[in-house]
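J.: Shown below is the structure under consideration.
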Amino acid sequence: MRRYFMPVCLAFMAVAQPLRAEDTVSIDVYAIPSKPIVDLVAKTSSDLARQGMTTFYAQGHAAHVTLYLTRYPVSSEAQLKAAVARSVKDCRSLPLVVEGAERTASNWLFLRVRRSVALQRLADEITLTAEPYRSRDITPPAWMGEYPAKLPAFERYGSPNVFMQFDPHLTLLANETHHGFPAFVAELEKSPPKANGTVEGVGIGIVDANGQVVKTLAEYRCAP
C-alpha cells in the first residue's frame, strides 16, 4: 500500500495569546543509528551526489530517526533534557533495520526503517516523556486538512506522527527537483537498500524546516 509523506517538521502558527516566534523552537527527540545504518546513508548519499543531488547527510546533518518532534518554549529545554535523560538512563541498544526506500508525492526521499515492536515502544515512551513540556499554542499545519484521522493525535500530543501513526525513516532529500531523481528512485526500487544495525542512543536537537538537526542539545548512549 502506498504511503504518503506526512511532514515530520511541523511549521506551526500560534493561536490565542501566542508566544512570539523567537520564544518557541522545533525540537526533535531522535534515535541515534549505529554505523551500518549510517554507512548506508553515506553510500546512498554518494550515489546521489554522482547524479548531481546533495542529501542532508552530505550537507553535514547527522543521520537520525525521529521519535517525537514538536515545538517547545525555549524556557523548557532544560526540563525536557532532564526528563529524557531520566527516561533513557537504563536503556539498552535495540535492533534498527532499513528495508527499502520511498519517494513521496512531494519528492522527499526516505530510507524506510522497520517499525519494530521495540522501536515503537521507545517512540511511545519518548512521546509520553517529552509531551508535557511542549508548547500548547500551536495549530495543525494546512496539510493535515486532508488527513483528519491524524487530528486527535495532534491535538493531544502536538504531533500527528505518534503511536499508531509513527512512521520511522531516515530523510535523504526534500522537494527534490533534479531531472535525474525519478531514474535514481527507479533503480532503488529494483535494488532496495538494506542494512541491519542498532539504536545506539537517544538524542535531542533543534531542527530546521526540513526536520534536520542544526543544534544538538544532548545525546544519551544506551548500553550494548
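To be explicit about the labels: the chains of the C-alpha cells are called A, B, and onward in the order shown, and within each one the residues are counted from 1, while ligands get numbers from 1 in the order they are shown.
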Tell me, counting only C-alpha atoms, for each residue of segment 81-194 of chain A within 10 Å of segment 45-50 of chain A, which pair of atoms is nearest and how far apart they are in Å to one decimal, in rows ordered by chain and increasing number, as a Markdown table.

T.:
```
| residue | atom | partner | partner_atom | distance |
| --- | --- | --- | --- | --- |
| A:Leu172 | CA | A:Ser45 | CA | 7.4 |
| A:Leu173 | CA | A:Ser45 | CA | 9.4 |
| A:Gly180 | CA | A:Leu48 | CA | 9.3 |
| A:Phe181 | CA | A:Leu48 | CA | 8.6 |
| A:Phe184 | CA | A:Leu48 | CA | 7.7 |
| A:Val185 | CA | A:Leu48 | CA | 10.0 |
```

J.: Mind checking which residues fall within 10 Å of Ile126 of chain A, counting only C-alpha atoms, ignoring those fewer than 2 positions away in the same chain, and posting them as a PyMOL selection string?

T.: chain A and resi 29-30+67-68+83-84+87-88+120-124+128-131+162+202

J.: Quick one: residues within 8 Å of segment 72-78 of chain A, only C-alpha atoms, excluding same-chain residues fewer than 6 positions away - as an mmCIF file with N, CA and C atoms, in the first residue's frame?

T.:
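That gives us result16.cif:
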```cif
data_model
loop_
_atom_site.group_PDB
_atom_site.id
_atom_site.type_symbol
_atom_site.label_atom_id
_atom_site.label_comp_id
_atom_site.auth_asym_id
_atom_site.auth_seq_id
_atom_site.Cartn_x
_atom_site.Cartn_y
_atom_site.Cartn_z
ATOM 1 N N ASP A 23 10.323 32.729 20.867
ATOM 2 C CA ASP A 23 10.201 32.099 22.181
ATOM 3 C C ASP A 23 9.939 30.604 22.104
ATOM 4 N N THR A 24 9.677 30.080 20.918
ATOM 5 C CA THR A 24 9.478 28.645 20.750
ATOM 6 C C THR A 24 10.441 28.115 19.698
ATOM 7 N N VAL A 25 10.665 26.806 19.759
ATOM 8 C CA VAL A 25 11.628 26.198 18.849
ATOM 9 C C VAL A 25 11.196 24.770 18.554
ATOM 10 N N SER A 26 11.474 24.290 17.337
ATOM 11 C CA SER A 26 11.188 22.905 16.979
ATOM 12 C C SER A 26 12.308 22.011 17.496
ATOM 13 N N ILE A 27 11.944 21.023 18.280
ATOM 14 C CA ILE A 27 12.930 20.102 18.859
ATOM 15 C C ILE A 27 12.533 18.668 18.523
ATOM 16 N N TYR A 133 6.158 18.980 28.202
ATOM 17 C CA TYR A 133 6.971 20.194 28.142
ATOM 18 C C TYR A 133 6.769 20.992 26.855
ATOM 19 N N ARG A 134 5.931 20.471 25.944
ATOM 20 C CA ARG A 134 5.759 21.117 24.641
ATOM 21 C C ARG A 134 4.942 22.396 24.739
ATOM 22 N N SER A 135 4.992 23.187 23.670
ATOM 23 C CA SER A 135 4.151 24.371 23.567
ATOM 24 C C SER A 135 2.701 23.951 23.357
#
```

J.: Determine the nearest neighbour of Pro224 of chain A from the options A:Lys35, A:Lys150, A:Arg86, A:Arg92, counting only C-alpha atoms.

T.: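 When distances to Pro224 of chain A are compared using only C-alpha atoms, the smallest one comes from A:Arg92.
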
J.: Got a sec: who's within 8 Å of Leu170 of chain A, counting only C-alpha atoms, leaving out chain neighbours fewer than 2 positions off, as a list of chain:residue names?

T.: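 Returned residues: A:Ala63, A:His64, A:Val65, A:Phe110, A:Leu111, A:Arg112, A:Val113, A:Pro168, A:Leu172.
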
J.: Keeping only C-alpha atoms, write those residues as a PDB file, in the first residue's frame.

T.:
```
ATOM      1  CA  ALA A  63      21.530  10.695  10.257  1.00  0.00           C
ATOM      2  CA  HIS A  64      18.726  10.218  12.757  1.00  0.00           C
ATOM      3  CA  VAL A  65      15.317   8.579  13.182  1.00  0.00           C
ATOM      4  CA  PHE A 110      13.443   8.338   2.669  1.00  0.00           C
ATOM      5  CA  LEU A 111      15.224   5.191   3.679  1.00  0.00           C
ATOM      6  CA  ARG A 112      12.449   3.188   5.284  1.00  0.00           C
ATOM      7  CA  VAL A 113      13.008   1.909   8.834  1.00  0.00           C
ATOM      8  CA  PRO A 168      10.169   5.776  11.177  1.00  0.00           C
ATOM      9  CA  LEU A 172      17.792  11.994   2.464  1.00  0.00           C
TER      10      LEU A 172
END
```

J.: From segment 2-215 of chain A, collect each residue whose DSSP state is alpha helix (DSSP H) and return the set as number ranges by chain.

T.: A: 35-50, 77-88, 117-130, 151-157, 181-190

J.: Using only C-alpha atoms for the distances, tell me which of A:Val207, A:Leu217, A:Ala101, A:Cys222 is nearest to Thr70 of chain A.

T.: A:Val207

J.: With only C-alpha atoms as the atoms that count, which of A:Lys81, A:His179, A:Arg136, A:Arg221 lies nearest to Tyr157 of chain A?

T.: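 Closest to Tyr157 of chain A of all the choices is A:Arg136.
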
J.: With only C-alpha atoms as the basis for distance, which of A:Leu40, A:His61, A:Pro192, A:Gln51 is at the shortest distance from Ile206 of chain A?

T.: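 Smallest separation from Ile206 of chain A among the options: A:His61.
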
J.: Which is closer to Ser93 of chain A than all the others in A:Glu176, A:Glu155, A:Leu119, A:Phe166, using only C-alpha atoms?

T.: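 Using only C-alpha atoms, Ser93 of chain A sits closest to A:Leu119.
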
J.: Among the residues of segment 16-85 of chain A, find those DSSP assigns to strand (DSSP E) from the backbone and print them as a ChimeraX atom specification.

T.: /A:24-33,65-73

J.: Residues as selected, C-alpha atoms, written as a compact mmCIF listing (two decimals), in the first residue's frame, can you do that?

T.:
```
# COMPACT_ATOMS: atom_id res chain seq x y z
CA THR A 24 9.48 28.64 20.75
CA VAL A 25 11.63 26.20 18.85
CA SER A 26 11.19 22.90 16.98
CA ILE A 27 12.93 20.10 18.86
CA ASP A 28 13.33 16.50 17.76
CA VAL A 29 13.94 13.64 20.16
CA TYR A 30 15.51 11.01 17.93
CA ALA A 31 17.13 7.58 17.79
CA ILE A 32 20.87 7.54 17.06
CA PRO A 33 21.62 4.87 14.44
CA VAL A 65 15.32 8.58 13.18
CA THR A 66 12.67 10.89 14.62
CA LEU A 67 10.88 9.55 17.68
CA TYR A 68 8.94 12.68 18.67
CA LEU A 69 9.08 16.13 17.12
CA THR A 70 7.11 19.22 18.08
CA ARG A 71 7.57 22.81 19.27
CA TYR A 72 8.67 23.78 22.76
CA PRO A 73 9.05 27.01 24.69
```

J.: What is the distance, in Å and to one decimal place, between atom CA of Arg115 of chain A and atom CA of Ile37 of chain A?

T.: 14.9 Å

J.: Choose the residue, out of A:Ser106, A:Asn196, A:Val98, A:Ala85, that has the smallest atom-to-atom separation from Tyr220 of chain A; count only C-alpha atoms.

T.: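 Of all the options, A:Ala85 lies closest to Tyr220 of chain A.
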